[in-house]
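Heads up, protein_24.cif below (mmCIF, all heavy atoms):
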```cif
data_work
#
loop_
_atom_site.label_atom_id
_atom_site.label_comp_id
_atom_site.auth_asym_id
_atom_site.auth_seq_id
_atom_site.Cartn_x
_atom_site.Cartn_y
_atom_site.Cartn_z
N MET A 21 -1.32 -39.14 -7.26
CA MET A 21 -2.26 -38.21 -6.63
C MET A 21 -1.53 -37.20 -5.72
O MET A 21 -1.81 -36.01 -5.75
CB MET A 21 -3.31 -38.98 -5.82
CG MET A 21 -4.39 -39.62 -6.68
SD MET A 21 -5.42 -38.40 -7.56
CE MET A 21 -6.41 -37.79 -6.19
N ALA A 22 -0.58 -37.72 -4.96
CA ALA A 22 0.16 -36.87 -4.02
C ALA A 22 0.95 -35.79 -4.76
O ALA A 22 1.07 -34.68 -4.30
CB ALA A 22 1.09 -37.72 -3.19
N HIS A 23 1.47 -36.16 -5.93
CA HIS A 23 2.28 -35.23 -6.71
C HIS A 23 1.46 -34.01 -7.17
O HIS A 23 1.92 -32.89 -7.07
CB HIS A 23 2.85 -35.96 -7.94
CG HIS A 23 4.19 -35.44 -8.35
ND1 HIS A 23 5.33 -35.69 -7.63
CD2 HIS A 23 4.56 -34.67 -9.41
CE1 HIS A 23 6.35 -35.10 -8.23
NE2 HIS A 23 5.92 -34.48 -9.32
N THR A 24 0.23 -34.27 -7.65
CA THR A 24 -0.62 -33.19 -8.14
C THR A 24 -1.04 -32.27 -6.99
O THR A 24 -1.04 -31.06 -7.13
CB THR A 24 -1.87 -33.75 -8.85
OG1 THR A 24 -2.46 -34.74 -8.02
CG2 THR A 24 -1.51 -34.36 -10.19
N SER A 25 -1.38 -32.85 -5.84
CA SER A 25 -1.80 -32.04 -4.69
C SER A 25 -0.66 -31.14 -4.22
O SER A 25 -0.87 -29.98 -3.89
CB SER A 25 -2.26 -32.93 -3.53
OG SER A 25 -1.20 -33.74 -3.06
N ARG A 26 0.56 -31.67 -4.24
CA ARG A 26 1.73 -30.87 -3.87
C ARG A 26 1.89 -29.69 -4.82
O ARG A 26 2.20 -28.58 -4.39
CB ARG A 26 3.00 -31.74 -3.95
CG ARG A 26 3.32 -32.45 -2.66
CD ARG A 26 4.67 -33.14 -2.79
NE ARG A 26 4.83 -34.21 -1.80
CZ ARG A 26 5.82 -35.09 -1.80
NH1 ARG A 26 6.73 -35.06 -2.76
NH2 ARG A 26 5.90 -36.01 -0.87
N ARG A 27 1.68 -29.93 -6.10
CA ARG A 27 1.80 -28.89 -7.12
C ARG A 27 0.78 -27.78 -6.86
O ARG A 27 1.09 -26.59 -6.94
CB ARG A 27 1.56 -29.50 -8.50
CG ARG A 27 2.36 -28.82 -9.59
CD ARG A 27 2.16 -29.50 -10.93
NE ARG A 27 3.12 -30.58 -11.16
CZ ARG A 27 3.09 -31.38 -12.22
NH1 ARG A 27 2.13 -31.27 -13.13
NH2 ARG A 27 4.00 -32.32 -12.38
N ILE A 28 -0.45 -28.16 -6.52
CA ILE A 28 -1.52 -27.20 -6.23
C ILE A 28 -1.13 -26.33 -5.03
O ILE A 28 -1.28 -25.12 -5.05
CB ILE A 28 -2.87 -27.92 -6.00
CG1 ILE A 28 -3.40 -28.50 -7.32
CG2 ILE A 28 -3.90 -26.96 -5.40
CD1 ILE A 28 -4.38 -29.65 -7.14
N VAL A 29 -0.60 -26.97 -4.01
CA VAL A 29 -0.16 -26.24 -2.81
C VAL A 29 0.93 -25.24 -3.16
O VAL A 29 0.90 -24.10 -2.72
CB VAL A 29 0.32 -27.23 -1.71
CG1 VAL A 29 1.02 -26.49 -0.56
CG2 VAL A 29 -0.86 -28.04 -1.16
N ALA A 30 1.88 -25.66 -4.00
CA ALA A 30 2.98 -24.79 -4.42
C ALA A 30 2.43 -23.57 -5.16
O ALA A 30 2.88 -22.45 -4.94
CB ALA A 30 3.95 -25.56 -5.31
N VAL A 31 1.45 -23.78 -6.03
CA VAL A 31 0.83 -22.69 -6.78
C VAL A 31 0.14 -21.72 -5.84
O VAL A 31 0.27 -20.51 -5.94
CB VAL A 31 -0.16 -23.24 -7.84
CG1 VAL A 31 -1.02 -22.11 -8.40
CG2 VAL A 31 0.58 -23.95 -8.97
N LYS A 32 -0.59 -22.27 -4.85
CA LYS A 32 -1.29 -21.44 -3.86
C LYS A 32 -0.29 -20.59 -3.08
O LYS A 32 -0.49 -19.40 -2.87
CB LYS A 32 -2.08 -22.33 -2.89
CG LYS A 32 -3.44 -22.74 -3.44
CD LYS A 32 -4.20 -23.54 -2.42
CE LYS A 32 -5.49 -24.09 -3.00
NZ LYS A 32 -6.18 -24.97 -2.06
N GLU A 33 0.80 -21.21 -2.64
CA GLU A 33 1.83 -20.49 -1.89
C GLU A 33 2.44 -19.38 -2.74
O GLU A 33 2.70 -18.29 -2.25
CB GLU A 33 2.92 -21.47 -1.43
CG GLU A 33 2.50 -22.23 -0.18
CD GLU A 33 3.52 -23.29 0.23
OE1 GLU A 33 4.62 -23.34 -0.36
OE2 GLU A 33 3.22 -24.06 1.15
N GLY A 34 2.65 -19.67 -4.02
CA GLY A 34 3.23 -18.69 -4.93
C GLY A 34 2.34 -17.47 -5.09
O GLY A 34 2.80 -16.35 -5.00
N SER A 35 1.04 -17.69 -5.27
CA SER A 35 0.09 -16.59 -5.43
C SER A 35 0.02 -15.76 -4.16
O SER A 35 -0.01 -14.54 -4.20
CB SER A 35 -1.29 -17.11 -5.81
OG SER A 35 -1.81 -17.96 -4.80
N ASN A 36 0.04 -16.43 -3.00
CA ASN A 36 0.01 -15.72 -1.72
C ASN A 36 1.26 -14.88 -1.55
O ASN A 36 1.20 -13.76 -1.06
CB ASN A 36 -0.08 -16.73 -0.56
CG ASN A 36 -1.50 -17.26 -0.37
OD1 ASN A 36 -2.46 -16.67 -0.82
ND2 ASN A 36 -1.61 -18.39 0.29
N GLY A 37 2.39 -15.41 -2.00
CA GLY A 37 3.65 -14.68 -1.92
C GLY A 37 3.60 -13.40 -2.73
O GLY A 37 4.02 -12.35 -2.28
N LYS A 38 3.05 -13.49 -3.95
CA LYS A 38 2.92 -12.31 -4.81
C LYS A 38 2.02 -11.28 -4.16
O LYS A 38 2.32 -10.09 -4.15
CB LYS A 38 2.33 -12.71 -6.17
CG LYS A 38 3.35 -13.28 -7.12
CD LYS A 38 2.68 -13.66 -8.44
CE LYS A 38 3.64 -14.40 -9.37
NZ LYS A 38 2.95 -14.84 -10.59
N PHE A 39 0.91 -11.73 -3.58
CA PHE A 39 -0.04 -10.84 -2.93
C PHE A 39 0.62 -10.12 -1.76
O PHE A 39 0.49 -8.90 -1.61
CB PHE A 39 -1.26 -11.63 -2.45
CG PHE A 39 -2.30 -10.78 -1.76
CD1 PHE A 39 -3.07 -9.90 -2.48
CD2 PHE A 39 -2.49 -10.88 -0.40
CE1 PHE A 39 -4.03 -9.11 -1.85
CE2 PHE A 39 -3.43 -10.09 0.25
CZ PHE A 39 -4.20 -9.21 -0.49
N LEU A 40 1.35 -10.89 -0.94
CA LEU A 40 2.05 -10.32 0.22
C LEU A 40 3.09 -9.30 -0.24
O LEU A 40 3.24 -8.24 0.37
CB LEU A 40 2.73 -11.43 1.03
CG LEU A 40 1.82 -12.17 2.00
CD1 LEU A 40 2.48 -13.47 2.46
CD2 LEU A 40 1.48 -11.32 3.22
N HIS A 41 3.79 -9.62 -1.33
CA HIS A 41 4.81 -8.71 -1.86
C HIS A 41 4.18 -7.39 -2.29
O HIS A 41 4.69 -6.32 -1.98
CB HIS A 41 5.52 -9.38 -3.04
CG HIS A 41 6.60 -8.52 -3.62
ND1 HIS A 41 7.78 -8.28 -2.93
CD2 HIS A 41 6.69 -7.85 -4.79
CE1 HIS A 41 8.54 -7.49 -3.69
NE2 HIS A 41 7.91 -7.21 -4.81
N ARG A 42 3.05 -7.48 -2.98
CA ARG A 42 2.34 -6.27 -3.42
C ARG A 42 1.91 -5.44 -2.22
O ARG A 42 2.04 -4.21 -2.22
CB ARG A 42 1.11 -6.66 -4.24
CG ARG A 42 1.44 -7.05 -5.66
CD ARG A 42 0.17 -7.44 -6.42
NE ARG A 42 0.48 -8.08 -7.70
CZ ARG A 42 -0.42 -8.68 -8.45
NH1 ARG A 42 -1.68 -8.75 -8.08
NH2 ARG A 42 -0.06 -9.23 -9.60
N LEU A 43 1.38 -6.12 -1.20
CA LEU A 43 0.93 -5.44 0.02
C LEU A 43 2.08 -4.72 0.70
O LEU A 43 1.95 -3.56 1.08
CB LEU A 43 0.32 -6.48 0.99
CG LEU A 43 -1.18 -6.36 1.25
CD1 LEU A 43 -1.66 -7.56 2.04
CD2 LEU A 43 -1.52 -5.09 2.02
N THR A 44 3.20 -5.42 0.86
CA THR A 44 4.36 -4.83 1.53
C THR A 44 4.89 -3.63 0.74
O THR A 44 5.27 -2.62 1.33
CB THR A 44 5.48 -5.88 1.73
OG1 THR A 44 5.66 -6.61 0.51
CG2 THR A 44 5.13 -6.84 2.84
N MET A 45 4.88 -3.73 -0.58
CA MET A 45 5.33 -2.62 -1.41
C MET A 45 4.43 -1.40 -1.23
O MET A 45 4.90 -0.28 -1.09
CB MET A 45 5.36 -3.03 -2.89
CG MET A 45 6.53 -3.93 -3.26
SD MET A 45 8.15 -3.18 -2.98
CE MET A 45 8.19 -2.03 -4.37
N ARG A 46 3.12 -1.65 -1.20
CA ARG A 46 2.17 -0.55 -1.00
C ARG A 46 2.38 0.09 0.36
O ARG A 46 2.39 1.32 0.50
CB ARG A 46 0.73 -1.08 -1.09
CG ARG A 46 0.25 -1.23 -2.52
CD ARG A 46 -1.19 -1.71 -2.55
NE ARG A 46 -1.59 -2.08 -3.90
CZ ARG A 46 -2.76 -2.63 -4.21
NH1 ARG A 46 -3.64 -2.89 -3.27
NH2 ARG A 46 -3.05 -2.93 -5.45
N LEU A 47 2.56 -0.75 1.38
CA LEU A 47 2.79 -0.26 2.74
C LEU A 47 4.07 0.55 2.81
O LEU A 47 4.12 1.60 3.45
CB LEU A 47 2.87 -1.44 3.73
CG LEU A 47 1.52 -1.99 4.21
CD1 LEU A 47 1.72 -3.36 4.85
CD2 LEU A 47 0.86 -1.06 5.22
N HIS A 48 5.11 0.07 2.12
CA HIS A 48 6.40 0.77 2.11
C HIS A 48 6.25 2.16 1.49
O HIS A 48 6.74 3.14 2.03
CB HIS A 48 7.42 -0.05 1.33
CG HIS A 48 8.77 0.60 1.26
ND1 HIS A 48 9.57 0.71 2.37
CD2 HIS A 48 9.43 1.17 0.23
CE1 HIS A 48 10.68 1.34 2.01
NE2 HIS A 48 10.63 1.63 0.72
N ARG A 49 5.53 2.22 0.37
CA ARG A 49 5.31 3.51 -0.29
C ARG A 49 4.54 4.46 0.61
O ARG A 49 4.86 5.65 0.70
CB ARG A 49 4.52 3.30 -1.60
CG ARG A 49 5.41 2.78 -2.72
CD ARG A 49 4.57 2.50 -3.97
NE ARG A 49 5.31 1.70 -4.94
CZ ARG A 49 4.76 1.07 -5.97
NH1 ARG A 49 3.45 1.13 -6.16
NH2 ARG A 49 5.50 0.38 -6.80
N LEU A 50 3.51 3.94 1.28
CA LEU A 50 2.70 4.75 2.19
C LEU A 50 3.54 5.29 3.33
O LEU A 50 3.46 6.47 3.67
CB LEU A 50 1.55 3.91 2.75
CG LEU A 50 0.22 4.00 2.01
CD1 LEU A 50 -0.72 2.90 2.49
CD2 LEU A 50 -0.45 5.35 2.21
N THR A 51 4.36 4.42 3.92
CA THR A 51 5.20 4.83 5.05
C THR A 51 6.20 5.89 4.61
O THR A 51 6.46 6.85 5.34
CB THR A 51 5.94 3.62 5.66
OG1 THR A 51 6.49 2.82 4.62
CG2 THR A 51 5.00 2.78 6.50
N MET A 52 6.75 5.73 3.39
CA MET A 52 7.69 6.72 2.88
C MET A 52 7.01 8.07 2.70
O MET A 52 7.56 9.11 3.06
CB MET A 52 8.27 6.26 1.53
CG MET A 52 9.32 5.17 1.67
SD MET A 52 10.77 5.66 2.62
CE MET A 52 11.60 6.68 1.39
N ARG A 53 5.79 8.06 2.18
CA ARG A 53 5.02 9.31 1.99
C ARG A 53 4.75 9.96 3.34
O ARG A 53 4.90 11.17 3.50
CB ARG A 53 3.68 9.00 1.30
CG ARG A 53 3.81 8.88 -0.20
CD ARG A 53 2.44 8.63 -0.82
NE ARG A 53 2.56 8.19 -2.22
CZ ARG A 53 1.56 7.72 -2.93
NH1 ARG A 53 0.36 7.61 -2.41
NH2 ARG A 53 1.74 7.35 -4.18
N LEU A 54 4.32 9.14 4.31
CA LEU A 54 4.04 9.65 5.65
C LEU A 54 5.29 10.24 6.28
O LEU A 54 5.24 11.28 6.93
CB LEU A 54 3.49 8.52 6.54
CG LEU A 54 2.00 8.20 6.38
CD1 LEU A 54 1.68 6.85 6.99
CD2 LEU A 54 1.13 9.27 7.02
N TYR A 55 6.43 9.55 6.09
CA TYR A 55 7.70 10.03 6.64
C TYR A 55 8.06 11.40 6.05
O TYR A 55 8.43 12.32 6.79
CB TYR A 55 8.80 9.01 6.33
CG TYR A 55 10.17 9.45 6.79
CD1 TYR A 55 10.47 9.49 8.15
CD2 TYR A 55 11.14 9.83 5.86
CE1 TYR A 55 11.72 9.89 8.58
CE2 TYR A 55 12.40 10.24 6.29
CZ TYR A 55 12.69 10.27 7.65
OH TYR A 55 13.92 10.67 8.06
N ARG A 56 7.92 11.53 4.74
CA ARG A 56 8.22 12.80 4.08
C ARG A 56 7.30 13.92 4.58
O ARG A 56 7.74 15.04 4.82
CB ARG A 56 8.05 12.65 2.56
CG ARG A 56 9.24 11.93 1.93
CD ARG A 56 9.00 11.72 0.43
NE ARG A 56 9.96 10.77 -0.12
CZ ARG A 56 9.83 10.18 -1.30
NH1 ARG A 56 8.79 10.43 -2.06
NH2 ARG A 56 10.74 9.35 -1.73
N LEU A 57 6.01 13.58 4.73
CA LEU A 57 5.04 14.56 5.23
C LEU A 57 5.40 15.02 6.63
O LEU A 57 5.37 16.21 6.93
CB LEU A 57 3.63 13.94 5.23
CG LEU A 57 2.78 14.19 3.98
CD1 LEU A 57 1.56 13.27 3.99
CD2 LEU A 57 2.31 15.64 3.91
N THR A 58 5.73 14.06 7.49
CA THR A 58 6.08 14.40 8.88
C THR A 58 7.34 15.26 8.92
O THR A 58 7.42 16.20 9.72
CB THR A 58 6.28 13.12 9.73
OG1 THR A 58 7.08 12.19 9.00
CG2 THR A 58 4.94 12.49 10.08
N MET A 59 8.30 14.96 8.05
CA MET A 59 9.53 15.75 8.00
C MET A 59 9.21 17.19 7.58
O MET A 59 9.72 18.16 8.16
CB MET A 59 10.53 15.13 7.02
CG MET A 59 11.22 13.89 7.58
SD MET A 59 12.18 14.19 9.08
CE MET A 59 13.62 15.00 8.35
N ARG A 60 8.33 17.35 6.60
CA ARG A 60 7.93 18.69 6.13
C ARG A 60 7.23 19.45 7.25
O ARG A 60 7.51 20.62 7.49
CB ARG A 60 6.97 18.56 4.93
CG ARG A 60 7.70 18.34 3.62
CD ARG A 60 6.68 18.26 2.48
NE ARG A 60 7.28 17.73 1.25
CZ ARG A 60 6.59 17.39 0.18
NH1 ARG A 60 5.28 17.50 0.18
NH2 ARG A 60 7.20 16.92 -0.88
N LEU A 61 6.30 18.76 7.93
CA LEU A 61 5.57 19.37 9.04
C LEU A 61 6.53 19.78 10.16
O LEU A 61 6.39 20.85 10.75
CB LEU A 61 4.52 18.39 9.59
CG LEU A 61 3.22 18.29 8.78
CD1 LEU A 61 2.44 17.05 9.19
CD2 LEU A 61 2.35 19.53 8.98
N HIS A 62 7.49 18.92 10.44
CA HIS A 62 8.48 19.20 11.48
C HIS A 62 9.28 20.46 11.14
O HIS A 62 9.49 21.32 11.98
CB HIS A 62 9.43 18.00 11.64
CG HIS A 62 10.45 18.21 12.71
ND1 HIS A 62 10.10 18.22 14.04
CD2 HIS A 62 11.79 18.41 12.65
CE1 HIS A 62 11.20 18.42 14.76
NE2 HIS A 62 12.24 18.53 13.94
N ARG A 63 9.70 20.57 9.88
CA ARG A 63 10.46 21.73 9.43
C ARG A 63 9.61 23.00 9.56
O ARG A 63 10.09 24.04 10.00
CB ARG A 63 10.88 21.55 7.97
CG ARG A 63 12.10 20.67 7.83
CD ARG A 63 12.49 20.54 6.36
NE ARG A 63 13.36 19.39 6.12
CZ ARG A 63 13.61 18.88 4.92
NH1 ARG A 63 13.04 19.39 3.85
NH2 ARG A 63 14.42 17.86 4.78
N LEU A 64 8.33 22.89 9.16
CA LEU A 64 7.42 24.04 9.24
C LEU A 64 7.25 24.49 10.68
O LEU A 64 7.33 25.68 10.98
CB LEU A 64 6.05 23.66 8.66
CG LEU A 64 5.89 23.90 7.15
CD1 LEU A 64 4.63 23.15 6.66
CD2 LEU A 64 5.78 25.37 6.80
N THR A 65 7.02 23.54 11.57
CA THR A 65 6.83 23.86 12.98
C THR A 65 8.09 24.49 13.56
O THR A 65 8.01 25.44 14.34
CB THR A 65 6.44 22.61 13.81
OG1 THR A 65 7.33 21.55 13.47
CG2 THR A 65 5.00 22.20 13.56
N MET A 66 9.26 24.00 13.16
CA MET A 66 10.54 24.56 13.64
C MET A 66 10.67 26.00 13.16
O MET A 66 11.08 26.88 13.92
CB MET A 66 11.69 23.71 13.12
CG MET A 66 11.84 22.38 13.83
SD MET A 66 12.24 22.50 15.60
CE MET A 66 13.99 22.86 15.47
N LEU A 67 10.28 26.26 11.90
CA LEU A 67 10.35 27.61 11.33
C LEU A 67 9.41 28.55 12.07
O LEU A 67 9.76 29.68 12.38
CB LEU A 67 9.99 27.59 9.84
CG LEU A 67 11.12 27.18 8.90
CD1 LEU A 67 10.52 26.77 7.56
CD2 LEU A 67 12.14 28.31 8.70
N ILE A 68 8.19 28.06 12.35
CA ILE A 68 7.18 28.88 13.04
C ILE A 68 7.65 29.21 14.47
O ILE A 68 7.51 30.33 14.93
CB ILE A 68 5.81 28.15 13.04
CG1 ILE A 68 5.26 28.13 11.60
CG2 ILE A 68 4.83 28.80 14.01
CD1 ILE A 68 4.25 27.02 11.37
N GLN A 69 8.20 28.22 15.15
CA GLN A 69 8.65 28.40 16.53
C GLN A 69 9.78 29.43 16.64
O GLN A 69 9.79 30.26 17.55
CB GLN A 69 9.14 27.07 17.11
CG GLN A 69 7.96 26.22 17.62
CD GLN A 69 8.42 24.82 18.02
OE1 GLN A 69 9.59 24.50 18.03
NE2 GLN A 69 7.44 23.97 18.34
N HIS A 70 10.70 29.46 15.69
CA HIS A 70 11.84 30.37 15.77
C HIS A 70 11.51 31.79 15.35
O HIS A 70 10.65 32.02 14.55
CB HIS A 70 13.00 29.84 14.88
CG HIS A 70 13.74 28.74 15.57
ND1 HIS A 70 14.58 28.94 16.63
CD2 HIS A 70 13.73 27.41 15.36
CE1 HIS A 70 15.08 27.79 17.03
NE2 HIS A 70 14.58 26.82 16.29
#
```
What is this file in structure tokens?
Amino acid sequence: MAHTSRRIVAVKEGSNGKFLHRLTMRLHRLTMRLYRLTMRLHRLTMLIQH
């Protein structure tokens, strides 16, 4: 009985890991997009100021 319950826990942990990985990847992509946008805005503002 203990062996099967351990296996179920391992499966649950594995699925959670995949979900977390997907989330982190999405967040990383979003942050990269935001970074690029901010850099573009910064360049524009520098051009306008000069």
Work out how far atom CD2 of A:Leu43 is from atom O of A:Leu57, in Å to one decimal.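 Between atom O of A:Leu57 and atom CD2 of A:Leu43 the gap is 22.9 Å.
Taking atom CA of A:Arg42 and atom CA of A:Arg26 as endpoints, the distance between them is 24.6 Å.
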Tell me, in Å to one decimal, how far atom NH2 of A:Arg46 is from atom CA of A:Gly34. 17.0 Å
